[in-house]
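Report on one structure; see the data block that follows.
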Amino acid sequence: MVAVSAAREVTLGVEEEFLLVDAVDGAPVGGGGDVLDADRGRHRPDGGAGRELQRELLSTMVETSTGVCTDLAGLRAELAAARARLDRAARKAGLRPLASGTAPMAAPARAVTPTRHYRQMARLYGRLTDETETCGCHVHVGVPDRESAVAVLNHLRPWLPVLLALSANSPYHQGADTGHASWRTLVLSRWPTHQIPPRFASAEQYDRTVATLRRTGVLPSGATNAYWFARPSNHLPTVEVRVADVTPSVDEAVLQAGLTRALVTTALGAVMRGRPAPRLPDHMAGAALWTAARYGVRGPALHPETGDRVPAAEAVRALLDRVRPALEASGDAAEVRELAQGVLARGTGADRQRRRAAPGTPWTVL
């Protein structure tokens, strides 16, 4: 059982990536610099407090981030404020932010954001860089140290596909329905290490693996981390879970954060008690991730504990059961369960994009 005090002290924060699109036709526009300039130039009643909007890999994308939060109510307020801030800056630049994991409509051209790191990526990965116009929801959860972070990763591996299934929000690409709930996952799968992380025996082994990938040229020479869907942060005392598509609503971002914190808290308890992580073969982890990307919550899933093919709703219930003690200890149980049931009832962003699709507008703009 997770102690109440320990669960309540586990911090969390969220980074969200958004597309910038034309207000009329919905095509992505390379206006990231203009949006950042508009945000810096406006008068803020808070005197300038809060995290700045950030550039992303392509100029058609912008990232928001919350501060460090200790409860879901505070996180919800920060997520809503960050989205509102981005919306104001984008409108000032003549654009709209779009909460979708991929761009539904084609863009005439995409420019790599001109930073040293992104230019390195473009030189190494070529056309992959231009074609990775994808937006995710990244949840950071506080951990005691880097060794704990790596140990937690091993326990998270079976549950990452369920988080993806609940967030799937990228069915369209280049004006066509891909047949997948999360096309973003398929796009990212072409990159080295953009997958569920393998098991690591220690932080030293993790760091040695990243160094080897960098030395062999698979990662850029300036890279400080790999692209796995869960990883220890290199600059924060956190585990970063980055498997989810950006979600269309603040509610669904809160759901991702609440479940992720509960998973990390549960894993920390298992690590402290010396319980081994489940032995999930890499091929089964990949199969579960692909199934989640294909169907979201409207189809089959691979059960995180048995590997059996089950309805996705059953995998979601297994996740809720798994983290129930942590959710109860943090006071999040009722809210998270209600939010999860809402997604199961309404479908994910991918389902809602398809239902709302009309000629020229298959998306949900903030």
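Identifiers in this document derive from the order of the structure tokens: chains are assigned A, B, ..., residues are numbered from 1 separately in each chain, and ligands are numbered from 1 in order of occurrence.
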*DSSP helix (DSSP H, G or I) residues within segment 87-139 of chain A, listed as an NGL selection string*: :A and (87-92 or 116-125 or 127-130)
*DSSP says strand (DSSP E) for which residues of segment 172-248 of chain A? Put them as a list in words?*
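The strand (DSSP E) residues within segment 172-248 of chain A come out as Tyr172, His173, Ala176, Asp177, Ala230, Arg231, Pro232, Thr238, Val239, Glu240, Val241, Arg242, Val243, Ala244 and Asp245 of chain A.
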Can you check which parts of segment 174-292 of chain A lie within 9 Å of segment 55-74 of chain A? Per residue, the shortest pair of atoms and distance in Å to one decimal, counting only C-alpha atoms, sorted by chain and number, as a tab-separated table.
```
residue	atom	partner	partner_atom	distance
A:Val254	CA	A:Leu72	CA	6.8
A:Ala257	CA	A:Leu72	CA	8.0
A:Gly258	CA	A:Leu72	CA	7.0
```
*Contacts of segment 273-285 of chain A at 8 Å or less, counting only C-alpha atoms, minus same-chain residues fewer than 3 places along, as a list in words?*
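The contact residues come out as Asn154, His155, Arg157, Pro158, Ile196, Pro198, Gly269, Ala270, Ala288, Leu289 and Gly307 of chain A.
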*May I ask which of the residues A:Ala27, A:Ala77, A:Ala333, A:Leu186 is the closest one to Arg294 of chain A, counting only C-alpha atoms?*
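Checking each candidate against Arg294 of chain A, we get A:Leu186 as the closest.
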Determine, using only C-alpha atoms, which residues of segment 240-303 of chain A have any atom at most 9 Å from an atom of segment 98-122 of chain A, and tabulate each with its shortest atom pair and distance in Å to one decimal place, rows ordered by chain and then rising number, as CSV.
```
residue,atom,partner,partner_atom,distance
A:Ala244,CA,A:Gly101,CA,8.8
A:Asp245,CA,A:Gly101,CA,5.1
A:Val246,CA,A:Gly101,CA,5.6
A:Thr247,CA,A:Ala99,CA,6.3
A:Pro248,CA,A:Ala99,CA,5.2
A:Ser249,CA,A:Ala99,CA,8.1
```
*Taking only C-alpha atoms into account, which of A:Pro161, A:Asp39, A:Gly296, A:Glu15 comes nearest Cys135 of chain A?*
A:Glu15
_When you look at Trp290 of chain A with a cut-off of 12 Å (counting only C-alpha atoms), what residues show up, excluding the ones that are within fewer than 2 positions of it in the same chain? I need them as a PyMOL selection string._
chain A and resi 160-162+164-165+168+180-189+195-196+243+283-288+292-296+300-302
_Show me, as a PyMOL selection string, the residues that have an atom within 10 Å of Pro192 of chain A when counting only C-alpha atoms, minus same-chain residues fewer than 5 positions from it._
chain A and resi 125+213+218-219+226-228
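As for atom CA of Gln174 of chain A and atom CA of Gly31 of chain A, they are spaced 18.9 Å apart.
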_Closest of A:Gly179, A:Pro28, A:Gly222, A:Gly13 to Val141 of chain A - atom-to-atom distances counting only C-alpha atoms_ = A:Gly13
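The space between atom CA of Arg261 of chain A and atom CA of Pro171 of chain A spans 27.0 Å.
If you look at atom CA of Gly299 of chain A and atom CA of Leu166 of chain A, they are 11.9 Å away from each other.
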